[in-house]
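Undergrad: After the structure tokens below, expect a handful of questions from me.
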There are 2 protein chains.
Amino acid sequence: MDIKAFVLEKALDAKKGARALGKASSVEKNTALIKMAEALRQKASELMEENKKDIAYAEEKGLSKALIDRLTLNEKRINEMAQGLEEIAALPDPVGEITKIWQRPNGMRVGRMRVPIGVIGIIYESRPNVTADATGLCLKAGNAVLLRGGSEAINSNKAIVNILREAVKAAGLHEGAVTFIDIPDREAIMEMLKLEGIVDLIIPRGGEGLIRAVTENSRIPVLKHYKGVCHVFVDRDADLIMAEEICFNAKVQRPGTCNAMETMLIDEPIAEGFLPKMLKRFEETGVELRGCKKTLAIYPDINEVKEEDFYKEYLDLILNVKVVADMDEAMEHIAKYGSAHTDTIVTKDYAKAMRFLREVDSSSVMVNVSTRFSDGFQYGLGAEIGIATDKIHARGPMGLEELTCTKFIVMGDGQLRE
Amino acid sequence: MDIKAFVLEKALDAKKGARALGKASSVEKNTALIKMAEALRQKASELMEENKKDIAYAEEKGLSKALIDRLTLNEKRINEMAQGLEEIAALPDPVGEITKIWQRPNGMRVGRMRVPIGVIGIIYESRPNVTADATGLCLKAGNAVLLRGGSEAINSNKAIVNILREAVKAAGLHEGAVTFIDIPDREAIMEMLKLEGIVDLIIPRGGEGLIRAVTENSRIPVLKHYKGVCHVFVDRDADLIMAEEICFNAKVQRPGTCNAMETMLIDEPIAEGFLPKMLKRFEETGVELRGCKKTLAIYPDINEVKEEDFYKEYLDLILNVKVVADMDEAMEHIAKYGSAHTDTIVTKDYAKAMRFLREVDSSSVMVNVSTRFSDGFQYGLGAEIGIATDKIHARGPMGLEELTCTKFIVMGDGQLRE
């Protein structure tokens with residue numbers, strides 16, 4: 001099989017879909033989304049049949065329980081996918097919005113209008129729900145998707161894609177808007193990453209290894225975050241009761257998420273008063289603690305943290321604890337070991353709050369709230385396709401607006417350049 | 001010499017500069033810009049001495065007159081560089097601007113704050129003024145530059161960079177903010193393009209060959225446009241007097257620029273009435289015309305246009321003329337042969353104007369004005385670092401705002417995630 005030609009053909013079909021979708025009205029796009037949701041619910045049992053093939057194969061291969069759980073589709077999960085699509089249908093359409101418009105001295109009006117990006121390549125791992133979620137968000141923003149899901153979920157993904165494509169067709173849009181690369185070869189990813197000029201953006205979703213491989217090999221812009229190494233800095237002027245609640249929430253509320261806290265930074269003057277009670281509470285909740293030397297001097301019966309631990313995203317009930325001399329050392333630590341994802345200061349001091357907001361170079365910088373809030377729904381942006389920690393286009397949760405770009409529009413009445 | 005180590009060291013110095021600059025106040029940055037301008041004027045004669053070395057070498061190598069002209073620095077051009085820096089100092093500082101802020105039901109305030117990108121690599125060809133222009137814009141937006149100018153201008157560039165660095169130092173900022181890779185080897189560019197995580201963005205300025213080579217080899221995001229193949233479509237419902245003036249201005253006012261018209265598209269029903277007078281006027285001004293078959297039927301004594309001509313950026317007094325059946329054919333032509341730079345419709349029809357604005361996928365889409373207006377100053381954005389036709393981050397003229405990104409800021413009073 002000529003994989004290069006195969007991938008190219010799929011991508012060209014997606015491009016046709018993108019051109020058609022770029023001109024579609026909000027009503028047409030919302031109709032497609034609602035039809036998709038209906039079809040997923042109607043065909044839930046077929047979908048579960050196909051999903052069983054993937055699960056059987058995964059069990060045969062001896063994949064972990066956690067992985068098999070992520071792979072599994074049941075009535076509830078299918079309903080959640082459908083609901084997600086309906087929620088996207090209810091969000092405002094970003095395309096065509098004129099974000100700003102102004103008049104020039106010669107009477108010409110210049111403005112910026114939101115436009116779709118085009119074809120978005122989504123490379124993802126085992127969760128089949130990504131197929132519907134990512135498609136829905138991209139479609140609402142006028143973009144075609146070129147999907148490349150993990151081989152473990154290939155039967156489930158194919159079945160979902162078929163359902164979504166039928167709905168797109170039934171809504172009168174071009175099926176290329178939802179295009180799936182249905183061959184398991186890794187080479188297909190490499191070919192996809194070369195299609196500059198056809199595929200406009202790549203969004204990889206999965207482990208750090210996948211994301212690094214995609215970024216290193218892509219000629220197409222990639223939006224991503226590698227990992228979430230998030231910090232809470234408890235300043236000497238913090239409300240210590242608030243600080244304890246924020247730190248506890250940031251670590252424990254859902255430790256497996258990318259915006260959970262991995263390292264707690266404590267200002268030296270308050271360390272002795274704050275740490276014993278805080279750390280005891282963590283230990284009682286089953287959190288494994290790793291402390292710096294100064295922490296151990298205050299709370300001796302825990303392991304010492306190693307330097308490499310500060311780079312780690314545990315995604316688990318493990319926490320690094322470090323005592324810092326002052327806010328500057330805290331910010332240095334965040335700059336060096338952090339992943340530019342989400343970082344919080346707890347303080348009552350106005351100047352320090354403002355300085356932290358300004359100087360910490362992360363995609364979400366917070367004062368007096370839990371790091372767990374950095375996602376699209378919590379920010380009021382609606383569903384998101386991921387979180388970016390890159391330096392261009394988008395930082396933080398990427399929702400519908402981040403799946404568009406703006407072009408300039410100029411309206412005149414015969415102006416000439418002198 | 002270990003080129004890899006050399007480039008890495010320079011880039012790390014730029015990164016230090018970027019961190020310092022990211023925290024600098026508007027006053028500090030403006031002071032640096034004004035000191036740069038003063039120093040360029042004061043040291044104009046030294047600068048011209050160094051420039052003479054480059055000119056002598058260029059003459060020895062037999063470079064073209066046009067190239068030597070671009071290379072040459074005289075009193076007037078040095079003054080223009082200085083003035084450019086002063087104008088940038090006078091523009092508002094984009095960094096720290098909170099572009100939007102809203103409140104969540106739990107009382108948490110969420111907003112977007114403009115932040116610098118970091119280290120911006122500029123790869124450019126012979127014009128030494130780019131050294132000062134690009135540095136000034138990047139610095140104002142809080143970014144360090146890692147400059148890699150063409151070998152023909154190396155003495156001029158070194159001299160300019162030394163002047164700029166001294167001014168940066170005198171303003172109390174870190175000299176790494178202006179870093180120049182002062183070795184002529186092409187390998188230095190290749191090494192620079194691998195520094196993901198240190199260099200945050202690459203902006204190549206120069207011919208299409210340079211830009212393609214940079215884009216293909218870069219692991220770092222690149223903002224660019226390859227070329228400007230711009231169109232004017234004269235609709236059947238156009239004011240034909242206005243249309244003639246717009247087409248003439250778009251082609252002739254400054255044909256060597258990227259937003260000059262390369263192809264004129266004429267709606268069939270008006271072709272017989274419009275073309276003879278228009279084309280005669282072009283010919284009398286020395287424009288070489290290349291017409292489609294239908295154009296030749298109306299205006300026979302010109303050459304026939306070849307298909308490949310439609311892809312060409314002439315940058316010269318040459319024009320393709322094509323008669324199209326309707327607006328759809330015009331938009332198809334623009335989508336197929338255009339470069340997504342700047343395209344104009346001339347029409348009195350409201351619905352067609354709106355449709356053109358919405359559906360044409362170019363970085364600037366216009367109604368009833370000359371394509372020549374698509375630049376930062378004409379749009380009221382101030383100085384620009386270039387024009388992007390990419391699909392992410394920025395489309396159209398890139399000014400100070402496009403040299404920043406936004407991060408999320410969240411201000412709470414103890415909110416926890418449930």
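Just remember, in the structure tokens the first chain shown is A, the second B, etc., residues are 1-based per chain, and ligands are 1-based in the order shown.
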Is it possible to see chain B as a compact mmCIF listing (two decimals) with C-alpha atoms, in the first residue's frame, once it has been laid onto chain A by a least-squares fit on every C-alpha atom in order?
TA:
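Resulting contents of result_38.txt:
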```txt
# COMPACT_ATOMS: atom_id res chain seq x y z
CA MET B 1 -0.03 -0.04 0.00
CA ASP B 2 1.23 3.44 -0.86
CA ILE B 3 0.79 5.14 2.51
CA LYS B 4 1.96 8.52 1.25
CA ALA B 5 -0.65 8.59 -1.53
CA PHE B 6 -3.34 7.28 0.84
CA VAL B 7 -2.74 10.01 3.44
CA LEU B 8 -2.51 12.70 0.76
CA GLU B 9 -5.85 11.65 -0.71
CA LYS B 10 -7.48 11.78 2.71
CA ALA B 11 -5.99 15.21 3.42
CA LEU B 12 -7.17 16.60 0.10
CA ASP B 13 -10.66 15.35 0.90
CA ALA B 14 -10.47 17.12 4.27
CA LYS B 15 -9.39 20.28 2.47
CA LYS B 16 -12.50 20.12 0.30
CA GLY B 17 -14.52 19.66 3.46
CA ALA B 18 -12.82 22.68 5.01
CA ARG B 19 -13.59 24.94 2.06
CA ALA B 20 -17.26 23.96 2.16
CA LEU B 21 -17.42 24.28 5.93
CA GLY B 22 -15.75 27.68 5.90
CA LYS B 23 -18.76 29.05 4.03
CA ALA B 24 -21.42 27.16 6.02
CA SER B 25 -23.87 29.13 8.15
CA SER B 26 -24.15 28.67 11.90
CA VAL B 27 -27.51 26.97 11.35
CA GLU B 28 -26.00 24.39 9.02
CA LYS B 29 -23.15 23.67 11.40
CA ASN B 30 -25.47 23.39 14.41
CA THR B 31 -27.78 21.09 12.47
CA ALA B 32 -24.84 18.83 11.74
CA LEU B 33 -23.82 18.81 15.43
CA ILE B 34 -27.33 17.95 16.60
CA LYS B 35 -27.69 15.23 13.97
CA MET B 36 -24.35 13.81 15.12
CA ALA B 37 -25.58 13.67 18.71
CA GLU B 38 -28.87 12.00 17.68
CA ALA B 39 -27.09 9.43 15.54
CA LEU B 40 -24.61 8.53 18.31
CA ARG B 41 -27.50 7.83 20.69
CA GLN B 42 -29.47 5.87 18.10
CA LYS B 43 -26.52 3.72 17.13
CA ALA B 44 -25.16 3.20 20.63
CA SER B 45 -25.54 -0.58 20.53
CA GLU B 46 -23.75 -0.93 17.18
CA LEU B 47 -21.01 1.29 18.56
CA MET B 48 -20.60 -0.86 21.66
CA GLU B 49 -20.36 -3.96 19.44
CA GLU B 50 -17.44 -2.41 17.55
CA ASN B 51 -15.90 -1.23 20.80
CA LYS B 52 -15.96 -4.82 22.11
CA LYS B 53 -13.59 -5.83 19.31
CA ASP B 54 -11.06 -3.25 20.50
CA ILE B 55 -11.48 -4.33 24.12
CA ALA B 56 -11.07 -7.99 23.25
CA TYR B 57 -7.90 -7.21 21.35
CA ALA B 58 -6.60 -5.04 24.19
CA GLU B 59 -7.20 -7.83 26.70
CA GLU B 60 -5.49 -10.31 24.43
CA LYS B 61 -2.50 -7.99 24.18
CA GLY B 62 -2.51 -7.68 27.98
CA LEU B 63 -2.99 -3.91 28.14
CA SER B 64 -3.40 -2.36 31.59
CA LYS B 65 -6.76 -2.07 33.32
CA ALA B 66 -6.55 1.73 33.25
CA LEU B 67 -5.96 1.70 29.50
CA ILE B 68 -8.83 -0.71 28.89
CA ASP B 69 -11.06 1.50 31.00
CA ARG B 70 -10.19 4.55 28.91
CA LEU B 71 -10.94 2.54 25.78
CA THR B 72 -14.35 1.33 26.92
CA LEU B 73 -17.57 2.80 25.55
CA ASN B 74 -20.77 2.23 27.47
CA GLU B 75 -24.24 3.77 27.28
CA LYS B 76 -23.24 6.53 29.72
CA ARG B 77 -20.08 7.53 27.85
CA ILE B 78 -21.83 7.52 24.47
CA ASN B 79 -24.51 9.74 25.96
CA GLU B 80 -21.81 12.09 27.27
CA MET B 81 -20.28 12.32 23.78
CA ALA B 82 -23.70 13.19 22.37
CA GLN B 83 -24.29 15.76 25.09
CA GLY B 84 -20.89 17.30 24.41
CA LEU B 85 -21.88 17.83 20.77
CA GLU B 86 -25.17 19.41 21.80
CA GLU B 87 -23.36 21.77 24.14
CA ILE B 88 -21.05 22.82 21.32
CA ALA B 89 -24.09 23.47 19.12
CA ALA B 90 -25.39 25.81 21.82
CA LEU B 91 -22.15 27.87 21.98
CA PRO B 92 -21.90 31.06 19.89
CA ASP B 93 -20.33 30.64 16.43
CA PRO B 94 -16.94 32.39 16.41
CA VAL B 95 -16.68 32.53 12.60
CA GLY B 96 -17.45 35.84 10.94
CA GLU B 97 -17.31 37.80 14.18
CA ILE B 98 -15.77 41.22 13.58
CA THR B 99 -13.63 41.59 16.67
CA LYS B 100 -12.71 45.23 16.09
CA ILE B 101 -13.33 47.83 13.44
CA TRP B 102 -11.99 51.34 13.10
CA GLN B 103 -11.96 54.18 10.62
CA ARG B 104 -8.88 55.66 8.95
CA PRO B 105 -8.45 59.37 8.19
CA ASN B 106 -9.18 58.67 4.49
CA GLY B 107 -12.59 57.22 5.41
CA MET B 108 -11.57 53.59 4.86
CA ARG B 109 -12.86 51.20 7.54
CA VAL B 110 -10.42 48.51 8.69
CA GLY B 111 -11.41 45.59 10.87
CA ARG B 112 -10.51 42.10 11.97
CA MET B 113 -12.85 39.21 11.16
CA ARG B 114 -12.62 35.74 12.68
CA VAL B 115 -12.05 33.02 10.10
CA PRO B 116 -11.58 29.25 10.35
CA ILE B 117 -8.04 27.87 10.31
CA GLY B 118 -8.78 25.20 7.68
CA VAL B 119 -7.78 21.55 8.11
CA ILE B 120 -6.79 20.56 11.64
CA GLY B 121 -4.92 17.31 12.13
CA ILE B 122 -5.69 15.63 15.45
CA ILE B 123 -3.32 12.90 16.56
CA TYR B 124 -4.52 11.13 19.67
CA GLU B 125 -4.27 8.00 21.72
CA SER B 126 -6.73 5.52 23.09
CA ARG B 127 -9.80 7.54 24.23
CA PRO B 128 -12.41 7.15 21.47
CA ASN B 129 -14.49 10.07 22.85
CA VAL B 130 -11.81 12.44 21.50
CA THR B 131 -13.06 11.52 18.02
CA ALA B 132 -16.45 13.14 18.67
CA ASP B 133 -15.28 15.96 20.97
CA ALA B 134 -12.51 17.21 18.68
CA THR B 135 -14.66 16.88 15.57
CA GLY B 136 -17.48 18.86 17.15
CA LEU B 137 -15.29 21.75 18.27
CA CYS B 138 -13.40 21.97 14.99
CA LEU B 139 -16.61 21.80 12.94
CA LYS B 140 -18.28 24.55 14.91
CA ALA B 141 -15.27 26.79 14.26
CA GLY B 142 -15.53 25.99 10.53
CA ASN B 143 -12.56 23.62 10.38
CA ALA B 144 -12.32 20.14 8.89
CA VAL B 145 -10.62 17.47 11.01
CA LEU B 146 -8.10 14.96 9.77
CA LEU B 147 -8.19 12.42 12.58
CA ARG B 148 -5.51 9.91 13.43
CA GLY B 149 -6.51 7.89 16.47
CA GLY B 150 -4.52 5.18 18.23
CA SER B 151 -4.53 1.69 16.75
CA GLU B 152 -6.02 0.21 19.98
CA ALA B 153 -9.30 2.03 19.34
CA ILE B 154 -9.44 1.67 15.58
CA ASN B 155 -12.76 -0.20 15.38
CA SER B 156 -14.48 2.18 17.80
CA ASN B 157 -13.07 5.22 16.02
CA LYS B 158 -14.10 3.98 12.59
CA ALA B 159 -17.63 3.37 13.83
CA ILE B 160 -17.85 6.85 15.42
CA VAL B 161 -16.46 8.53 12.31
CA ASN B 162 -18.99 6.74 10.07
CA ILE B 163 -21.82 7.99 12.25
CA LEU B 164 -20.45 11.55 12.27
CA ARG B 165 -19.88 11.62 8.51
CA GLU B 166 -23.42 10.47 7.81
CA ALA B 167 -24.74 13.26 10.01
CA VAL B 168 -22.56 15.82 8.24
CA LYS B 169 -23.91 14.61 4.90
CA ALA B 170 -27.49 14.68 6.18
CA ALA B 171 -26.96 18.30 7.20
CA GLY B 172 -25.96 19.14 3.64
CA LEU B 173 -22.24 19.66 4.34
CA HIS B 174 -19.22 18.04 2.69
CA GLU B 175 -18.24 14.72 4.34
CA GLY B 176 -14.56 15.59 4.02
CA ALA B 177 -15.14 17.80 7.08
CA VAL B 178 -14.70 14.61 9.14
CA THR B 179 -11.86 12.57 7.68
CA PHE B 180 -10.25 9.62 9.43
CA ILE B 181 -6.94 8.00 8.53
CA ASP B 182 -7.99 4.42 9.10
CA ILE B 183 -4.70 2.59 8.78
CA PRO B 184 -2.69 1.62 11.84
CA ASP B 185 0.80 2.31 10.40
CA ARG B 186 2.88 4.88 12.26
CA GLU B 187 4.20 6.00 8.88
CA ALA B 188 0.78 7.53 8.26
CA ILE B 189 1.45 10.06 11.03
CA MET B 190 4.81 10.96 9.53
CA GLU B 191 3.23 11.54 6.11
CA MET B 192 0.50 13.65 7.66
CA LEU B 193 3.07 15.90 9.34
CA LYS B 194 4.64 16.73 5.97
CA LEU B 195 1.45 18.09 4.38
CA GLU B 196 2.22 21.77 4.81
CA GLY B 197 -0.21 23.84 2.79
CA ILE B 198 -2.94 21.19 3.03
CA VAL B 199 -3.10 20.59 6.78
CA ASP B 200 -2.98 23.95 8.59
CA LEU B 201 -2.54 22.96 12.23
CA ILE B 202 -1.68 19.84 14.22
CA ILE B 203 -3.04 19.19 17.71
CA PRO B 204 -1.52 16.13 19.37
CA ARG B 205 -3.31 14.73 22.40
CA GLY B 206 -1.74 12.07 24.52
CA GLY B 207 1.41 11.35 26.47
CA GLU B 208 4.52 13.51 26.40
CA GLY B 209 6.32 10.98 24.15
CA LEU B 210 3.69 11.22 21.42
CA ILE B 211 3.64 15.00 21.61
CA ARG B 212 7.43 15.33 21.41
CA ALA B 213 7.61 12.97 18.42
CA VAL B 214 4.90 14.92 16.61
CA THR B 215 6.52 18.31 17.32
CA GLU B 216 9.95 17.20 16.22
CA ASN B 217 8.73 15.78 12.94
CA SER B 218 6.11 18.30 11.92
CA ARG B 219 6.49 20.93 9.24
CA ILE B 220 3.03 22.14 10.20
CA PRO B 221 2.43 24.40 13.24
CA VAL B 222 1.65 22.34 16.37
CA LEU B 223 -0.37 23.51 19.38
CA LYS B 224 0.21 21.52 22.51
CA HIS B 225 1.38 21.26 26.05
CA TYR B 226 3.88 18.62 27.03
CA LYS B 227 2.95 18.33 30.69
CA GLY B 228 1.56 20.19 33.64
CA VAL B 229 4.03 20.87 36.43
CA CYS B 230 1.94 23.33 38.44
CA HIS B 231 2.88 25.25 41.59
CA VAL B 232 1.22 26.94 44.51
CA PHE B 233 3.38 29.56 46.25
CA VAL B 234 2.25 30.42 49.77
CA ASP B 235 3.56 33.91 50.47
CA ARG B 236 4.44 35.14 53.99
CA ASP B 237 1.47 37.50 53.75
CA ALA B 238 -1.03 34.78 52.87
CA ASP B 239 -4.27 34.06 54.70
CA LEU B 240 -2.99 30.73 56.00
CA ILE B 241 -6.42 29.14 56.31
CA MET B 242 -7.15 30.01 52.68
CA ALA B 243 -3.68 28.81 51.70
CA GLU B 244 -4.24 25.42 53.31
CA GLU B 245 -7.55 24.94 51.49
CA ILE B 246 -6.12 26.01 48.14
CA CYS B 247 -3.07 23.75 48.42
CA PHE B 248 -5.23 20.81 49.51
CA ASN B 249 -7.70 21.34 46.67
CA ALA B 250 -4.94 21.83 44.09
CA LYS B 251 -3.29 18.51 44.99
CA VAL B 252 -6.11 16.23 46.08
CA GLN B 253 -9.35 17.17 44.31
CA ARG B 254 -8.32 15.29 41.16
CA PRO B 255 -4.61 14.45 41.20
CA GLY B 256 -4.59 12.81 37.76
CA THR B 257 -5.22 16.04 35.87
CA CYS B 258 -2.63 18.28 34.24
CA ASN B 259 -3.54 21.30 36.39
CA ALA B 260 -3.12 19.55 39.75
CA MET B 261 -0.29 20.92 41.92
CA GLU B 262 3.01 19.00 41.81
CA THR B 263 5.17 21.28 43.96
CA MET B 264 4.15 23.44 46.93
CA LEU B 265 6.45 26.42 47.56
CA ILE B 266 6.39 27.90 51.07
CA ASP B 267 7.80 31.27 52.06
CA GLU B 268 10.44 30.74 54.77
CA PRO B 269 9.04 33.04 57.51
CA ILE B 270 5.76 31.11 57.66
CA ALA B 271 7.10 27.61 57.02
CA GLU B 272 7.27 26.58 60.70
CA GLY B 273 3.77 27.75 61.40
CA PHE B 274 2.21 26.41 58.20
CA LEU B 275 3.87 23.16 57.31
CA PRO B 276 3.19 20.76 60.21
CA LYS B 277 -0.62 20.98 60.06
CA MET B 278 -0.69 21.11 56.24
CA LEU B 279 1.63 18.18 55.73
CA LYS B 280 -0.16 16.09 58.35
CA ARG B 281 -3.43 16.68 56.48
CA PHE B 282 -1.80 15.58 53.21
CA GLU B 283 -0.37 12.46 54.81
CA GLU B 284 -3.71 11.54 56.34
CA THR B 285 -5.24 11.73 52.85
CA GLY B 286 -2.60 9.37 51.50
CA VAL B 287 -0.33 11.92 49.80
CA GLU B 288 3.30 10.85 49.56
CA LEU B 289 5.47 13.84 50.50
CA ARG B 290 8.94 14.71 49.24
CA GLY B 291 10.51 17.63 51.08
CA CYS B 292 13.54 19.87 50.68
CA LYS B 293 16.14 20.05 53.49
CA LYS B 294 14.40 22.98 55.18
CA THR B 295 11.08 21.13 55.04
CA LEU B 296 12.70 18.06 56.63
CA ALA B 297 14.07 20.24 59.43
CA ILE B 298 10.46 21.16 60.28
CA TYR B 299 8.73 17.88 59.38
CA PRO B 300 11.35 15.14 59.52
CA ASP B 301 9.63 11.84 58.76
CA ILE B 302 9.29 12.19 54.99
CA ASN B 303 11.60 11.46 52.06
CA GLU B 304 13.94 14.07 50.69
CA VAL B 305 13.03 15.44 47.29
CA LYS B 306 15.58 14.98 44.49
CA GLU B 307 16.24 17.72 41.97
CA GLU B 308 14.78 15.68 39.11
CA ASP B 309 11.50 15.36 41.05
CA PHE B 310 10.86 19.04 40.48
CA TYR B 311 10.49 18.40 36.73
CA LYS B 312 8.01 15.55 37.19
CA GLU B 313 4.32 15.53 36.44
CA TYR B 314 3.21 12.89 38.96
CA LEU B 315 -0.48 12.78 38.01
CA ASP B 316 -0.79 11.03 41.36
CA LEU B 317 -0.96 11.63 45.13
CA ILE B 318 2.70 12.65 45.37
CA LEU B 319 3.83 16.16 46.29
CA ASN B 320 7.14 18.03 46.38
CA VAL B 321 7.45 20.55 49.19
CA LYS B 322 10.05 23.31 49.07
CA VAL B 323 10.76 26.20 51.43
CA VAL B 324 11.93 29.31 49.54
CA ALA B 325 13.69 32.41 50.91
CA ASP B 326 11.21 34.79 49.29
CA MET B 327 8.93 35.43 46.34
CA ASP B 328 11.89 35.87 43.98
CA GLU B 329 13.15 32.40 44.72
CA ALA B 330 9.65 31.04 44.21
CA MET B 331 9.39 32.68 40.79
CA GLU B 332 12.88 31.50 39.85
CA HIS B 333 11.86 27.97 40.78
CA ILE B 334 8.68 28.19 38.68
CA ALA B 335 10.62 29.56 35.70
CA LYS B 336 13.23 26.81 35.94
CA TYR B 337 11.23 23.68 36.77
CA GLY B 338 7.68 24.59 35.77
CA SER B 339 5.99 23.75 32.49
CA ALA B 340 4.31 27.14 31.92
CA HIS B 341 0.92 25.55 32.59
CA THR B 342 -0.75 26.95 35.74
CA ASP B 343 0.75 28.62 38.79
CA THR B 344 -0.85 30.30 41.81
CA ILE B 345 0.26 32.68 44.52
CA VAL B 346 -1.63 32.87 47.81
CA THR B 347 -1.16 36.30 49.34
CA LYS B 348 -2.97 39.25 50.87
CA ASP B 349 -0.32 41.64 49.58
CA TYR B 350 -1.49 43.70 46.60
CA ALA B 351 1.92 44.50 45.13
CA LYS B 352 3.09 40.89 45.26
CA ALA B 353 -0.16 39.66 43.70
CA MET B 354 0.23 42.11 40.81
CA ARG B 355 3.90 41.26 40.38
CA PHE B 356 3.20 37.53 40.27
CA LEU B 357 0.45 38.02 37.67
CA ARG B 358 2.76 40.11 35.51
CA GLU B 359 6.03 38.23 35.82
CA VAL B 360 5.18 34.55 35.93
CA ASP B 361 5.33 33.34 32.34
CA SER B 362 2.73 30.56 32.43
CA SER B 363 -0.39 30.07 30.34
CA SER B 364 -2.55 30.60 33.46
CA VAL B 365 -1.29 32.72 36.36
CA MET B 366 -3.52 32.95 39.43
CA VAL B 367 -3.96 34.70 42.74
CA ASN B 368 -5.77 33.08 45.65
CA VAL B 369 -7.47 30.26 43.73
CA SER B 370 -6.82 26.58 43.17
CA THR B 371 -4.76 25.64 40.07
CA ARG B 372 -7.55 23.17 39.26
CA PHE B 373 -9.62 25.96 37.70
CA SER B 374 -7.57 26.28 34.51
CA ASP B 375 -9.90 24.76 31.98
CA GLY B 376 -12.30 26.08 29.42
CA PHE B 377 -15.53 25.36 31.27
CA GLN B 378 -14.25 26.86 34.50
CA TYR B 379 -13.14 30.00 32.65
CA GLY B 380 -16.55 30.28 31.01
CA LEU B 381 -15.19 29.57 27.53
CA GLY B 382 -17.12 26.37 26.94
CA ALA B 383 -15.65 23.11 25.72
CA GLU B 384 -11.94 23.01 24.93
CA ILE B 385 -9.74 20.98 22.62
CA GLY B 386 -6.80 21.06 25.00
CA ILE B 387 -4.47 23.42 26.80
CA ALA B 388 -1.55 25.11 25.08
CA THR B 389 1.62 26.29 26.75
CA ASP B 390 3.18 27.53 23.51
CA LYS B 391 4.29 31.11 23.05
CA ILE B 392 2.32 31.89 19.90
CA HIS B 393 -1.34 31.79 18.78
CA ALA B 394 -2.90 30.52 22.01
CA ARG B 395 -1.89 29.98 25.62
CA GLY B 396 -4.08 28.20 28.13
CA PRO B 397 -7.38 26.42 27.42
CA MET B 398 -8.11 26.33 23.68
CA GLY B 399 -11.79 26.70 22.90
CA LEU B 400 -13.68 27.77 19.80
CA GLU B 401 -11.95 31.16 19.49
CA GLU B 402 -8.53 29.52 19.58
CA LEU B 403 -9.64 27.30 16.68
CA THR B 404 -9.96 30.40 14.51
CA CYS B 405 -7.63 33.14 13.29
CA THR B 406 -8.49 36.67 12.15
CA LYS B 407 -8.13 38.27 8.76
CA PHE B 408 -8.25 41.99 7.98
CA ILE B 409 -11.27 43.35 6.17
CA VAL B 410 -11.15 46.76 4.54
CA MET B 411 -14.23 48.61 3.33
CA GLY B 412 -13.72 51.70 1.24
CA ASP B 413 -15.34 53.83 -1.39
CA GLY B 414 -12.60 54.21 -3.92
CA GLN B 415 -9.56 55.11 -1.78
CA LEU B 416 -6.22 55.10 -3.61
CA ARG B 417 -2.72 54.97 -2.14
CA GLU B 418 -0.76 58.14 -2.74
```
Undergrad: Run DSSP on the backbone and give me the residues of stretch 134-287 of chain B it puts in strand (DSSP E or B), as a VMD selection string.
TA: chain B and resid 144 to 148 178 to 180 196 199 201 to 205 222 230 to 234 261 to 267
Undergrad: If you run DSSP on the backbone here, which positions in stretch 98-158 of chain B get helix (DSSP H, G or I)? Please write them as a list in words.
TA: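 Taking stretch 98-158 of chain B and keeping helix (DSSP H, G or I) gives Asn129, Val130, Thr131, Ala132, Asp133, Ala134, Thr135, Gly136, Leu137, Cys138, Leu139, Lys140, Ser151, Glu152, Ala153, Ile154, Asn155, Ser156, Asn157 and Lys158 of chain B.
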